[in-house]
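Asks: So here's structure.csv, just CSV, C-alpha atoms:
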chain,number,residue,atom,x,y,z
G,1,MET,CA,-26.2,-42.9,22.9
G,2,ALA,CA,-28.2,-40.6,20.7
G,3,SER,CA,-31.2,-40.9,23.0
G,4,ASP,CA,-29.2,-39.4,25.8
G,5,SER,CA,-28.4,-36.3,23.8
G,6,PRO,CA,-30.6,-33.2,23.6
G,7,LYS,CA,-33.2,-33.3,20.8
G,8,GLN,CA,-31.9,-30.9,18.3
G,9,HIS,CA,-35.0,-29.1,17.3
G,10,TRP,CA,-38.3,-28.4,19.0
G,11,SER,CA,-40.7,-26.8,16.6
G,12,THR,CA,-42.2,-23.4,17.6
G,13,ALA,CA,-45.6,-25.1,18.0
G,14,GLU,CA,-44.1,-27.8,20.3
G,15,GLU,CA,-42.2,-25.2,22.3
G,16,GLU,CA,-45.4,-23.3,22.8
G,17,ILE,CA,-47.2,-26.4,24.0
G,18,MET,CA,-44.4,-27.2,26.4
G,19,GLU,CA,-44.5,-23.7,27.9
G,20,ALA,CA,-48.2,-24.0,28.3
G,21,THR,CA,-47.8,-27.4,29.9
G,22,TYR,CA,-45.3,-25.9,32.3
G,23,ARG,CA,-47.7,-23.1,33.3
G,24,ALA,CA,-50.6,-25.5,33.7
G,25,LEU,CA,-48.5,-27.8,35.9
G,26,LEU,CA,-47.5,-25.0,38.2
G,27,THR,CA,-51.1,-23.8,38.4
G,28,HIS,CA,-52.9,-27.1,38.8
G,29,GLY,CA,-50.3,-29.6,39.9
G,30,TYR,CA,-49.7,-32.9,38.3
G,31,ALA,CA,-52.9,-34.7,39.7
G,32,ASP,CA,-55.3,-32.1,38.3
G,33,LEU,CA,-53.6,-31.5,34.9
G,34,SER,CA,-55.7,-32.1,31.8
G,35,ILE,CA,-55.3,-31.4,28.1
G,36,SER,CA,-58.2,-28.9,28.5
G,37,ARG,CA,-56.2,-26.9,31.0
G,38,ILE,CA,-53.1,-26.9,28.9
G,39,ALA,CA,-55.2,-25.8,25.9
G,40,ASP,CA,-56.6,-22.9,28.0
G,41,GLU,CA,-53.0,-21.8,28.9
G,42,LEU,CA,-52.1,-22.2,25.2
G,43,ASP,CA,-55.2,-20.3,24.1
G,44,LYS,CA,-55.9,-22.9,21.4
G,45,SER,CA,-58.2,-25.8,21.0
G,46,LYS,CA,-57.5,-29.3,22.4
G,47,ALA,CA,-57.2,-30.5,18.8
G,48,ALA,CA,-54.1,-28.3,18.4
G,49,ILE,CA,-52.4,-30.3,21.2
G,50,TYR,CA,-53.7,-33.7,20.1
G,51,TYR,CA,-52.2,-33.0,16.6
G,52,HIS,CA,-48.8,-33.3,18.3
G,53,TYR,CA,-49.4,-35.7,21.2
G,54,ASP,CA,-51.7,-38.6,21.3
G,55,THR,CA,-52.2,-38.8,25.0
G,56,LYS,CA,-51.6,-36.7,28.2
G,57,ASP,CA,-48.8,-39.2,29.1
G,58,ASP,CA,-47.1,-38.7,25.7
G,59,LEU,CA,-47.2,-35.0,26.3
G,60,LEU,CA,-45.8,-35.2,29.8
G,61,VAL,CA,-43.0,-37.5,28.7
G,62,ALA,CA,-42.2,-34.9,26.0
G,63,PHE,CA,-42.4,-32.2,28.6
G,64,LEU,CA,-39.8,-34.0,30.8
G,65,GLU,CA,-37.5,-34.3,27.8
G,66,PHE,CA,-38.0,-30.6,27.0
G,67,ALA,CA,-37.2,-29.6,30.6
G,68,VAL,CA,-33.9,-31.6,30.6
G,69,ASP,CA,-33.0,-30.2,27.2
G,70,ARG,CA,-33.5,-26.7,28.6
G,71,PHE,CA,-31.5,-27.5,31.7
G,72,GLU,CA,-28.6,-28.8,29.6
G,73,GLU,CA,-28.6,-25.9,27.2
G,74,THR,CA,-28.4,-23.3,30.0
G,75,THR,CA,-25.8,-25.4,31.8
G,76,VAL,CA,-23.6,-25.4,28.8
G,77,THR,CA,-23.7,-21.6,28.5
G,78,GLU,CA,-23.4,-21.0,32.2
G,79,THR,CA,-20.5,-23.3,33.0
G,80,GLY,CA,-17.0,-23.9,31.6
G,81,ASN,CA,-15.1,-22.1,34.3
G,82,GLU,CA,-13.4,-23.4,37.4
G,83,PRO,CA,-14.7,-27.0,37.9
G,84,ALA,CA,-15.6,-26.6,41.6
G,85,ALA,CA,-17.5,-23.4,40.8
G,86,ASP,CA,-19.3,-25.2,37.9
G,87,LEU,CA,-20.2,-28.1,40.2
G,88,GLU,CA,-21.6,-25.7,42.7
G,89,HIS,CA,-23.6,-24.0,40.0
G,90,VAL,CA,-25.2,-27.2,38.7
G,91,ILE,CA,-26.0,-28.3,42.3
G,92,GLU,CA,-27.6,-24.9,43.0
G,93,LYS,CA,-29.8,-25.2,39.8
G,94,LEU,CA,-30.9,-28.7,40.8
G,95,LEU,CA,-31.4,-27.9,44.5
G,96,PRO,CA,-31.6,-24.2,45.2
G,97,LEU,CA,-30.6,-23.3,48.7
G,98,GLN,CA,-33.5,-20.9,49.0
G,99,PRO,CA,-36.1,-22.0,46.4
G,100,ASP,CA,-38.7,-19.4,45.4
G,101,GLU,CA,-42.4,-20.4,45.1
G,102,GLU,CA,-42.1,-21.4,41.4
G,103,GLN,CA,-39.1,-23.6,42.1
G,104,ARG,CA,-40.9,-25.3,45.0
G,105,GLN,CA,-44.0,-25.9,42.8
G,106,LEU,CA,-41.8,-27.3,40.0
G,107,GLN,CA,-40.1,-29.7,42.5
G,108,ALA,CA,-43.5,-30.9,43.8
G,109,VAL,CA,-44.7,-31.4,40.2
G,110,LEU,CA,-41.5,-33.5,39.4
G,111,VAL,CA,-42.0,-35.7,42.4
G,112,GLY,CA,-45.6,-36.3,41.3
G,113,LEU,CA,-44.5,-37.2,37.8
G,114,ARG,CA,-41.6,-39.4,39.0
G,115,SER,CA,-43.8,-41.4,41.3
G,116,GLN,CA,-45.6,-42.6,38.1
G,117,ALA,CA,-42.3,-44.2,37.1
G,118,VAL,CA,-42.7,-46.9,39.8
G,119,THR,CA,-45.4,-48.6,37.7
G,120,ASN,CA,-45.5,-46.9,34.3
G,121,GLY,CA,-42.7,-48.1,31.9
G,122,VAL,CA,-42.7,-45.0,29.7
G,123,PHE,CA,-42.2,-42.7,32.6
G,124,ARG,CA,-39.6,-45.0,34.0
G,125,GLU,CA,-37.7,-44.9,30.7
G,126,GLN,CA,-37.8,-41.1,30.7
G,127,PHE,CA,-36.6,-40.8,34.3
G,128,THR,CA,-33.8,-43.3,33.6
G,129,GLN,CA,-32.7,-41.0,30.8
G,130,ILE,CA,-33.1,-37.9,32.9
G,131,ASP,CA,-30.9,-39.2,35.7
G,132,GLU,CA,-28.4,-40.6,33.2
G,133,ARG,CA,-28.1,-37.1,31.6
G,134,LEU,CA,-27.8,-35.3,34.9
G,135,ALA,CA,-25.2,-37.8,36.1
G,136,ALA,CA,-23.3,-37.3,32.8
G,137,THR,CA,-23.3,-33.5,33.3
G,138,ILE,CA,-21.9,-33.9,36.8
G,139,ARG,CA,-19.4,-36.6,35.7
G,140,GLY,CA,-18.2,-34.3,32.9
G,141,ILE,CA,-17.3,-31.5,35.3
G,142,VAL,CA,-15.5,-33.9,37.7
G,143,ASP,CA,-13.6,-35.4,34.7
G,144,ARG,CA,-12.5,-31.9,33.6
G,145,GLY,CA,-11.4,-31.1,37.2
G,146,ILE,CA,-9.2,-34.2,37.3
G,147,GLU,CA,-7.8,-33.4,33.8
G,148,GLU,CA,-7.0,-29.9,34.8
G,149,ASP,CA,-5.5,-31.2,38.1
G,150,THR,CA,-7.7,-29.0,40.3
G,151,PHE,CA,-9.6,-32.2,41.5
G,152,ARG,CA,-8.0,-35.2,43.1
G,153,ASP,CA,-7.9,-38.5,41.1
G,154,VAL,CA,-11.4,-39.7,42.3
G,155,ASP,CA,-13.7,-42.1,40.6
G,156,PRO,CA,-15.9,-39.6,38.5
G,157,SER,CA,-18.8,-42.0,38.1
G,158,ARG,CA,-19.1,-42.8,41.8
G,159,VAL,CA,-18.8,-39.2,42.8
G,160,ALA,CA,-21.4,-38.1,40.2
G,161,GLU,CA,-23.9,-40.7,41.5
G,162,HIS,CA,-23.2,-39.6,45.1
G,163,ILE,CA,-23.9,-36.0,44.3
G,164,LEU,CA,-27.0,-36.8,42.2
G,165,ALA,CA,-28.5,-39.1,44.9
G,166,THR,CA,-27.9,-36.4,47.5
G,167,VAL,CA,-29.5,-33.7,45.4
G,168,ASN,CA,-32.4,-35.9,44.4
G,169,GLY,CA,-33.0,-37.1,48.0
G,170,ALA,CA,-32.9,-33.6,49.4
G,171,MET,CA,-35.3,-32.3,46.8
G,172,TYR,CA,-37.5,-35.3,47.4
G,173,GLY,CA,-37.5,-34.6,51.2
G,174,ARG,CA,-38.3,-30.9,50.6
G,175,ALA,CA,-41.3,-31.8,48.4
G,176,THR,CA,-42.7,-34.5,50.8
G,177,THR,CA,-41.9,-33.2,54.4
G,178,ASP,CA,-42.0,-30.0,56.4
G,179,ARG,CA,-38.4,-30.3,57.5
G,180,LYS,CA,-37.5,-26.8,56.5
G,181,SER,CA,-33.7,-26.8,57.1
G,182,ALA,CA,-32.9,-30.4,56.1
G,183,ALA,CA,-32.2,-29.8,52.4
G,184,ALA,CA,-30.0,-26.8,53.2
G,185,ALA,CA,-28.0,-28.8,55.8
G,186,ALA,CA,-27.5,-31.6,53.3
G,187,ARG,CA,-26.3,-29.1,50.7
G,188,VAL,CA,-23.8,-27.5,53.1
G,189,SER,CA,-22.4,-30.9,54.0
G,190,LEU,CA,-22.2,-31.8,50.3
G,191,ALA,CA,-20.3,-28.6,49.5
G,192,SER,CA,-17.8,-29.4,52.3
G,193,TYR,CA,-17.5,-32.9,50.9
G,194,ILE,CA,-16.6,-31.5,47.5
G,195,ASP,CA,-14.2,-29.1,49.1
G,196,SER,CA,-12.3,-31.7,51.1
G,197,GLU,CA,-12.6,-34.8,48.9
G,198,LEU,CA,-12.4,-33.4,45.4
G,199,ARG,CA,-10.4,-30.1,45.5
G,200,ARG,CA,-6.7,-30.3,45.7
G,201,THR,CA,-5.4,-27.9,48.2
G,202,ALA,CA,-3.3,-25.2,46.5
S,1,MET,CA,-40.7,-34.8,71.4
S,2,ALA,CA,-43.0,-37.6,72.4
S,3,SER,CA,-44.4,-37.8,68.9
S,4,ASP,CA,-40.9,-38.7,67.6
S,5,SER,CA,-40.5,-41.6,69.9
S,6,PRO,CA,-41.7,-45.1,69.1
S,7,LYS,CA,-45.2,-45.8,70.2
S,8,GLN,CA,-44.8,-48.1,73.2
S,9,HIS,CA,-47.5,-50.6,72.6
S,10,TRP,CA,-49.1,-52.0,69.5
S,11,SER,CA,-51.9,-54.3,70.5
S,12,THR,CA,-51.8,-57.8,69.0
S,13,ALA,CA,-54.8,-57.0,66.9
S,14,GLU,CA,-53.1,-53.9,65.5
S,15,GLU,CA,-49.9,-55.8,64.9
S,16,GLU,CA,-51.8,-58.5,62.9
S,17,ILE,CA,-53.5,-55.8,60.8
S,18,MET,CA,-50.1,-54.2,60.2
S,19,GLU,CA,-48.5,-57.5,59.1
S,20,ALA,CA,-51.5,-58.1,56.8
S,21,THR,CA,-51.1,-54.6,55.4
S,22,TYR,CA,-47.5,-55.2,54.7
S,23,ARG,CA,-48.2,-58.5,52.8
S,24,ALA,CA,-51.1,-56.8,50.9
S,25,LEU,CA,-48.8,-53.9,49.9
S,26,LEU,CA,-46.1,-56.2,48.6
S,27,THR,CA,-48.7,-58.3,46.6
S,28,HIS,CA,-50.8,-55.5,45.2
S,29,GLY,CA,-48.7,-52.4,45.4
S,30,TYR,CA,-49.9,-49.1,46.8
S,31,ALA,CA,-52.2,-48.1,43.9
S,32,ASP,CA,-54.3,-51.3,44.1
S,33,LEU,CA,-54.4,-51.6,47.8
S,34,SER,CA,-57.9,-51.9,49.4
S,35,ILE,CA,-59.3,-52.7,52.9
S,36,SER,CA,-60.8,-55.8,51.2
S,37,ARG,CA,-57.4,-57.0,50.2
S,38,ILE,CA,-56.0,-56.4,53.6
S,39,ALA,CA,-58.9,-58.2,55.2
S,40,ASP,CA,-58.2,-61.2,52.8
S,41,GLU,CA,-54.6,-61.3,54.0
S,42,LEU,CA,-55.8,-61.0,57.6
S,43,ASP,CA,-58.5,-63.7,57.0
S,44,LYS,CA,-61.0,-61.6,58.9
S,45,SER,CA,-63.9,-59.3,57.9
S,46,LYS,CA,-63.4,-55.7,56.8
S,47,ALA,CA,-65.3,-54.7,59.9
S,48,ALA,CA,-62.4,-56.1,62.0
S,49,ILE,CA,-60.2,-53.5,60.3
S,50,TYR,CA,-62.6,-50.6,60.4
S,51,TYR,CA,-63.0,-51.2,64.2
S,52,HIS,CA,-59.4,-50.0,64.5
S,53,TYR,CA,-59.0,-47.6,61.5
S,54,ASP,CA,-61.6,-45.3,60.0
S,55,THR,CA,-60.1,-45.0,56.5
S,56,LYS,CA,-57.5,-46.6,54.3
S,57,ASP,CA,-55.4,-43.5,54.8
S,58,ASP,CA,-55.6,-43.8,58.6
S,59,LEU,CA,-54.4,-47.4,58.3
S,60,LEU,CA,-51.6,-46.5,55.9
S,61,VAL,CA,-50.4,-43.7,58.2
S,62,ALA,CA,-50.4,-46.2,61.1
S,63,PHE,CA,-48.5,-48.7,58.9
S,64,LEU,CA,-45.8,-46.1,58.3
S,65,GLU,CA,-45.5,-45.5,62.0
S,66,PHE,CA,-45.4,-49.2,62.7
S,67,ALA,CA,-42.6,-49.7,60.0
S,68,VAL,CA,-40.4,-47.0,61.6
S,69,ASP,CA,-41.0,-48.4,65.1
S,70,ARG,CA,-39.9,-51.8,63.9
S,71,PHE,CA,-36.9,-50.2,62.2
S,72,GLU,CA,-35.9,-48.4,65.4
S,73,GLU,CA,-36.4,-51.4,67.6
S,74,THR,CA,-34.1,-53.6,65.5
S,75,THR,CA,-31.6,-50.8,65.1
S,76,VAL,CA,-31.3,-50.5,68.8
S,77,THR,CA,-30.6,-54.2,69.3
S,78,GLU,CA,-28.3,-54.4,66.3
S,79,THR,CA,-26.1,-51.4,66.9
S,80,GLY,CA,-24.0,-50.1,69.9
S,81,ASN,CA,-20.7,-51.2,68.6
S,82,GLU,CA,-18.0,-49.3,66.7
S,83,PRO,CA,-19.8,-46.1,65.4
S,84,ALA,CA,-18.5,-46.4,61.8
S,85,ALA,CA,-19.7,-50.0,61.7
S,86,ASP,CA,-23.1,-49.0,63.2
S,87,LEU,CA,-23.4,-46.2,60.6
S,88,GLU,CA,-22.7,-48.7,57.8
S,89,HIS,CA,-25.3,-51.1,59.3
S,90,VAL,CA,-28.0,-48.5,59.4
S,91,ILE,CA,-27.2,-47.4,55.8
S,92,GLU,CA,-27.3,-51.0,54.6
S,93,LYS,CA,-30.7,-51.4,56.2
S,94,LEU,CA,-32.1,-48.3,54.5
S,95,LEU,CA,-30.4,-48.9,51.2
S,96,PRO,CA,-29.3,-52.5,50.7
S,97,LEU,CA,-26.4,-52.9,48.3
S,98,GLN,CA,-28.1,-55.9,46.7
S,99,PRO,CA,-31.8,-55.7,47.6
S,100,ASP,CA,-33.8,-58.9,47.3
S,101,GLU,CA,-37.2,-58.9,45.6
S,102,GLU,CA,-39.1,-58.1,48.8
S,103,GLN,CA,-36.8,-55.1,49.6
S,104,ARG,CA,-37.3,-53.8,46.1
S,105,GLN,CA,-41.1,-54.1,46.3
S,106,LEU,CA,-41.1,-52.4,49.7
S,107,GLN,CA,-39.0,-49.5,48.3
S,108,ALA,CA,-41.5,-49.1,45.4
S,109,VAL,CA,-44.4,-49.1,47.9
S,110,LEU,CA,-42.7,-46.5,50.0
S,111,VAL,CA,-42.1,-44.2,47.0
S,112,GLY,CA,-45.8,-44.6,46.1
S,113,LEU,CA,-46.9,-43.7,49.6
S,114,ARG,CA,-44.4,-40.8,49.9
S,115,SER,CA,-45.6,-39.2,46.7
S,116,GLN,CA,-49.0,-38.7,48.4
S,117,ALA,CA,-47.2,-36.4,50.9
S,118,VAL,CA,-46.8,-33.8,48.2
S,119,THR,CA,-50.5,-32.9,48.4
S,120,ASN,CA,-51.9,-34.8,51.5
S,121,GLY,CA,-51.2,-33.1,54.8
S,122,VAL,CA,-51.5,-36.3,56.9
S,123,PHE,CA,-49.0,-38.2,54.9
S,124,ARG,CA,-46.8,-35.2,54.8
S,125,GLU,CA,-46.8,-35.0,58.6
S,126,GLN,CA,-46.0,-38.7,58.8
S,127,PHE,CA,-43.1,-38.5,56.4
S,128,THR,CA,-41.8,-35.5,58.2
S,129,GLN,CA,-41.7,-37.6,61.4
S,130,ILE,CA,-40.1,-40.5,59.6
S,131,ASP,CA,-37.3,-38.5,58.2
S,132,GLU,CA,-36.9,-36.8,61.5
S,133,ARG,CA,-36.6,-40.1,63.3
S,134,LEU,CA,-34.2,-41.6,60.7
S,135,ALA,CA,-32.0,-38.4,60.9
S,136,ALA,CA,-32.0,-38.6,64.7
S,137,THR,CA,-30.8,-42.3,64.5
S,138,ILE,CA,-27.9,-41.3,62.2
S,139,ARG,CA,-27.1,-38.2,64.2
S,140,GLY,CA,-27.0,-40.3,67.4
S,141,ILE,CA,-24.4,-42.6,66.0
S,142,VAL,CA,-22.3,-39.6,64.7
S,143,ASP,CA,-22.6,-37.9,68.1
S,144,ARG,CA,-21.4,-41.1,69.8
S,145,GLY,CA,-18.4,-41.4,67.4
S,146,ILE,CA,-17.4,-37.8,68.2
S,147,GLU,CA,-17.7,-38.4,72.0
S,148,GLU,CA,-15.7,-41.6,71.7
S,149,ASP,CA,-13.2,-39.8,69.6
S,150,THR,CA,-13.3,-42.2,66.7
S,151,PHE,CA,-15.0,-39.5,64.6
S,152,ARG,CA,-13.7,-36.1,63.8
S,153,ASP,CA,-15.4,-33.1,65.3
S,154,VAL,CA,-17.9,-32.7,62.4
S,155,ASP,CA,-21.4,-31.1,62.6
S,156,PRO,CA,-23.6,-34.1,63.4
S,157,SER,CA,-26.8,-32.6,62.1
S,158,ARG,CA,-25.4,-31.7,58.7
S,159,VAL,CA,-23.7,-35.0,58.3
S,160,ALA,CA,-26.9,-36.9,59.2
S,161,GLU,CA,-28.9,-34.9,56.7
S,162,HIS,CA,-26.3,-35.5,54.0
S,163,ILE,CA,-26.3,-39.3,54.6
S,164,LEU,CA,-30.2,-39.4,54.8
S,165,ALA,CA,-30.6,-37.4,51.6
S,166,THR,CA,-28.1,-39.6,49.8
S,167,VAL,CA,-29.8,-42.8,51.0
S,168,ASN,CA,-33.3,-41.5,50.2
S,169,GLY,CA,-32.2,-40.2,46.8
S,170,ALA,CA,-30.5,-43.5,45.8
S,171,MET,CA,-33.5,-45.5,47.0
S,172,TYR,CA,-35.8,-43.1,45.0
S,173,GLY,CA,-33.7,-43.5,41.9
S,174,ARG,CA,-33.7,-47.3,42.3
S,175,ALA,CA,-37.5,-47.4,42.5
S,176,THR,CA,-38.1,-45.0,39.6
S,177,THR,CA,-35.4,-45.8,37.0
S,178,ASP,CA,-33.6,-48.8,35.4
S,179,ARG,CA,-30.1,-47.5,36.3
S,180,LYS,CA,-29.0,-50.7,37.9
S,181,SER,CA,-25.6,-49.7,39.3
S,182,ALA,CA,-26.3,-46.0,40.3
S,183,ALA,CA,-27.5,-46.7,43.9
S,184,ALA,CA,-24.5,-49.0,44.5
S,185,ALA,CA,-22.1,-46.4,43.1
S,186,ALA,CA,-23.6,-43.7,45.4
S,187,ARG,CA,-23.3,-46.0,48.4
S,188,VAL,CA,-19.6,-46.8,47.7
S,189,SER,CA,-18.9,-43.1,47.4
S,190,LEU,CA,-20.9,-42.5,50.6
S,191,ALA,CA,-18.8,-45.1,52.5
S,192,SER,CA,-15.6,-43.6,51.3
S,193,TYR,CA,-16.9,-40.2,52.4
S,194,ILE,CA,-17.6,-41.6,55.9
S,195,ASP,CA,-14.2,-43.2,56.0
S,196,SER,CA,-12.2,-40.1,55.0
S,197,GLU,CA,-14.4,-37.3,56.4
S,198,LEU,CA,-15.6,-38.8,59.7
S,199,ARG,CA,-13.2,-41.5,60.9
S,200,ARG,CA,-10.1,-40.4,62.6
S,201,THR,CA,-7.1,-42.2,61.2
S,202,ALA,CA,-5.6,-44.4,63.9
Write out the structure in this file as structure tokens.
Replies:
Amino acid sequence: MASDSPKQHWSTAEEEIMEATYRALLTHGYADLSISRIADELDKSKAAIYYHYDTKDDLLVAFLEFAVDRFEETTVTETGNEPAADLEHVIEKLLPLQPDEEQRQLQAVLVGLRSQAVTNGVFREQFTQIDERLAATIRGIVDRGIEEDTFRDVDPSRVAEHILATVNGAMYGRATTDRKSAAAAARVSLASYIDSELRRTA
Amino acid sequence: MASDSPKQHWSTAEEEIMEATYRALLTHGYADLSISRIADELDKSKAAIYYHYDTKDDLLVAFLEFAVDRFEETTVTETGNEPAADLEHVIEKLLPLQPDEEQRQLQAVLVGLRSQAVTNGVFREQFTQIDERLAATIRGIVDRGIEEDTFRDVDPSRVAEHILATVNGAMYGRATTDRKSAAAAARVSLASYIDSELRRTA
């Protein structure tokens, strides 16, 4: 589907608004975000933002799309090697073993945004696409591993959903609990699953 | 820790308030919940609720504790058989393969409540305990499987965190996206993981 592919062109003005939104989200969190605060980060008037986005929700939905586009762009350039290493790389990007402060704040922001998807149809549609695109990225790597005969003949869709659910769940737990080692423990177990279930022994 | 164990006694009045809270949450969702609406479900005055709980948040935190107590009580009576079957049973309770409408609504409510834990310390503490207790339940079954020699000698904590993260992530995805088959696919892969990684072949 075209809607699942990265948008080809973000204008410079749009990119600047997205960068300002990112900084404002990290500083103020999702609950206290306002167009005013984004305008402050952008060092422009609110009108400059409203020219591109009618509402705060429109802007946040665009921000989510922008974030996934960026994720996919960097993933394409950073992968393409041994499938097991690529899988590990994507998992580390989604769920860093030792997240720095910015990564922690970003995860908290994403949990705040995603909770809107329970009742807000536009956010729900956006997170449906986000998970679809992330699952497709993981599935693509598993497919390649099977083709190249470094992975066993597993069901790529099921394995991709398993990995995505584990990563999302561990990230969710990290943002909503104080269980410091839980996410890392889940990741270590996930890595050993990939090693023993997916990789063919040489 | 005592705080991780089920509270021994909920008074009848408290239990009635919890049941009313459950019905009000299913009917109105988390965002539109009020003490008034719970009082309506309870068919008593708001004062009858405020006698037990000072604020709506106090009541919701108690509700979460009540829900986990109930979960643990029924888990104790429903498990104690073959460890792999017990694990499957607990996973099915946390993430039903084919949730009915009530289970879907409950999951949506829990995602709404859990999102508060990003910024609210009291909710965060409660969800920390919830995940701790759920992980302990899973870990206990894995421990027993290893002792009884039906499971391989895996690391019970890591496996428990992996299973809990997968279940939480799939539930989270179900409540926040329209990806209808993703949760089921993750569960099937999780079951095959348990089968091949944990169970000793006869």
Asks: Counting all atoms listed in the file, give me one row per residue of chain S with an atom at most 7 Å from an atom of chain G, showing the shortest contact pair and its distance in Å to one decimal, sorted by chain then residue number, as a tab-separated table.
Replies:
residue	atom	partner	partner_atom	distance
S:Ala108	CA	G:Val118	CA	6.1
S:Val111	CA	G:Ser115	CA	6.6
S:Gly112	CA	G:Ser115	CA	6.1
S:Arg114	CA	G:Thr176	CA	6.6
S:Ser115	CA	G:Ser115	CA	6.1
S:Ala117	CA	G:Thr176	CA	4.9
S:Val118	CA	G:Thr176	CA	4.9
S:Arg124	CA	G:Thr177	CA	5.3
S:Glu125	CA	G:Thr177	CA	6.7
S:Phe127	CA	G:Thr177	CA	5.8
S:Thr128	CA	G:Thr177	CA	4.4
S:Arg158	CA	G:Ala185	CA	4.9
S:Val159	CA	G:Ser189	CA	6.1
S:Glu161	CA	G:Ala186	CA	4.9
S:His162	CA	G:Ala186	CA	4.1
S:Ala165	CA	G:Gly169	CA	4.3
S:Thr166	CA	G:Thr166	CA	3.9
S:Asn168	CA	G:Gly169	CA	4.9
S:Gly169	CA	G:Gly169	CA	3.4
S:Ala170	CA	G:Ala165	CA	4.9
S:Ala175	CA	G:Val118	CA	5.9
S:Thr176	CA	G:Ala117	CA	5.0
S:Thr177	CA	G:Thr128	CA	4.5
S:Asp178	CA	G:Thr128	CA	5.8
S:Arg179	CA	G:Thr128	CA	6.2
S:Ala182	CA	G:Glu161	CA	5.9
S:Ala185	CA	G:Arg158	CA	4.9
S:Ala186	CA	G:His162	CA	4.1
S:Ser189	CA	G:Arg158	CA	5.6
S:Leu190	CA	G:His162	CA	6.6
Asks: For atom CA of G:Ala20 and atom CA of G:Arg37, determine how far apart the two atoms are, in Å to one decimal place.
Replies: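 Atom CA of G:Ala20 sits 8.9 Å away from atom CA of G:Arg37.
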Asks: Check the smallest atom-to-atom distance from each of G:Asp58, G:Ile146, G:Leu106, G:Val68 to G:His28 using only C-alpha atoms, then report the winner.
Replies: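 Using only C-alpha atoms, G:His28 sits closest to G:Leu106.
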Asks: Calculate how many Å separate atom CA of S:Thr137 from atom CA of S:Leu95, rounding to one decimal.
Replies: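 Going from atom CA of S:Thr137 over to atom CA of S:Leu95, I get 14.9 Å.
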Asks: Just checking: using all atoms listed in the file, which residue out of S:Thr74, S:Glu41, S:Arg200, S:Val122 ends up closest to S:Arg23?
Replies: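 Nearest candidate to S:Arg23 out of S:Thr74, S:Glu41, S:Arg200, S:Val122: S:Glu41.
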Asks: Between atom CA of S:Phe63 and atom CA of S:Leu26, what is the spacing in Å?
Replies: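 Result for atom CA of S:Leu26 versus atom CA of S:Phe63: 13.0 Å, one decimal.
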Asks: Considering all atoms listed in the file, can you say which of S:Ala24, S:Ile49, S:Val142, S:Leu94 comes closest to S:Phe71?
Replies: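 Of S:Ala24, S:Ile49, S:Val142, S:Leu94, the one nearest S:Phe71 is S:Leu94, counting all atoms listed in the file.
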Asks: At a cut-off of 12 Å, using all atoms listed in the file, what residues contact S:Glu19? Leave out same-chain residues fewer than 6 positions from it and give the result as a list in words.
Replies: Trp10, Thr12, Ala13, Leu25, Leu26, Ile38, Ala39, Glu41, Leu42, Asp43, Leu59, Leu60, Ala62, Phe63, Leu64, Phe66, Ala67 and Arg70 of chain S
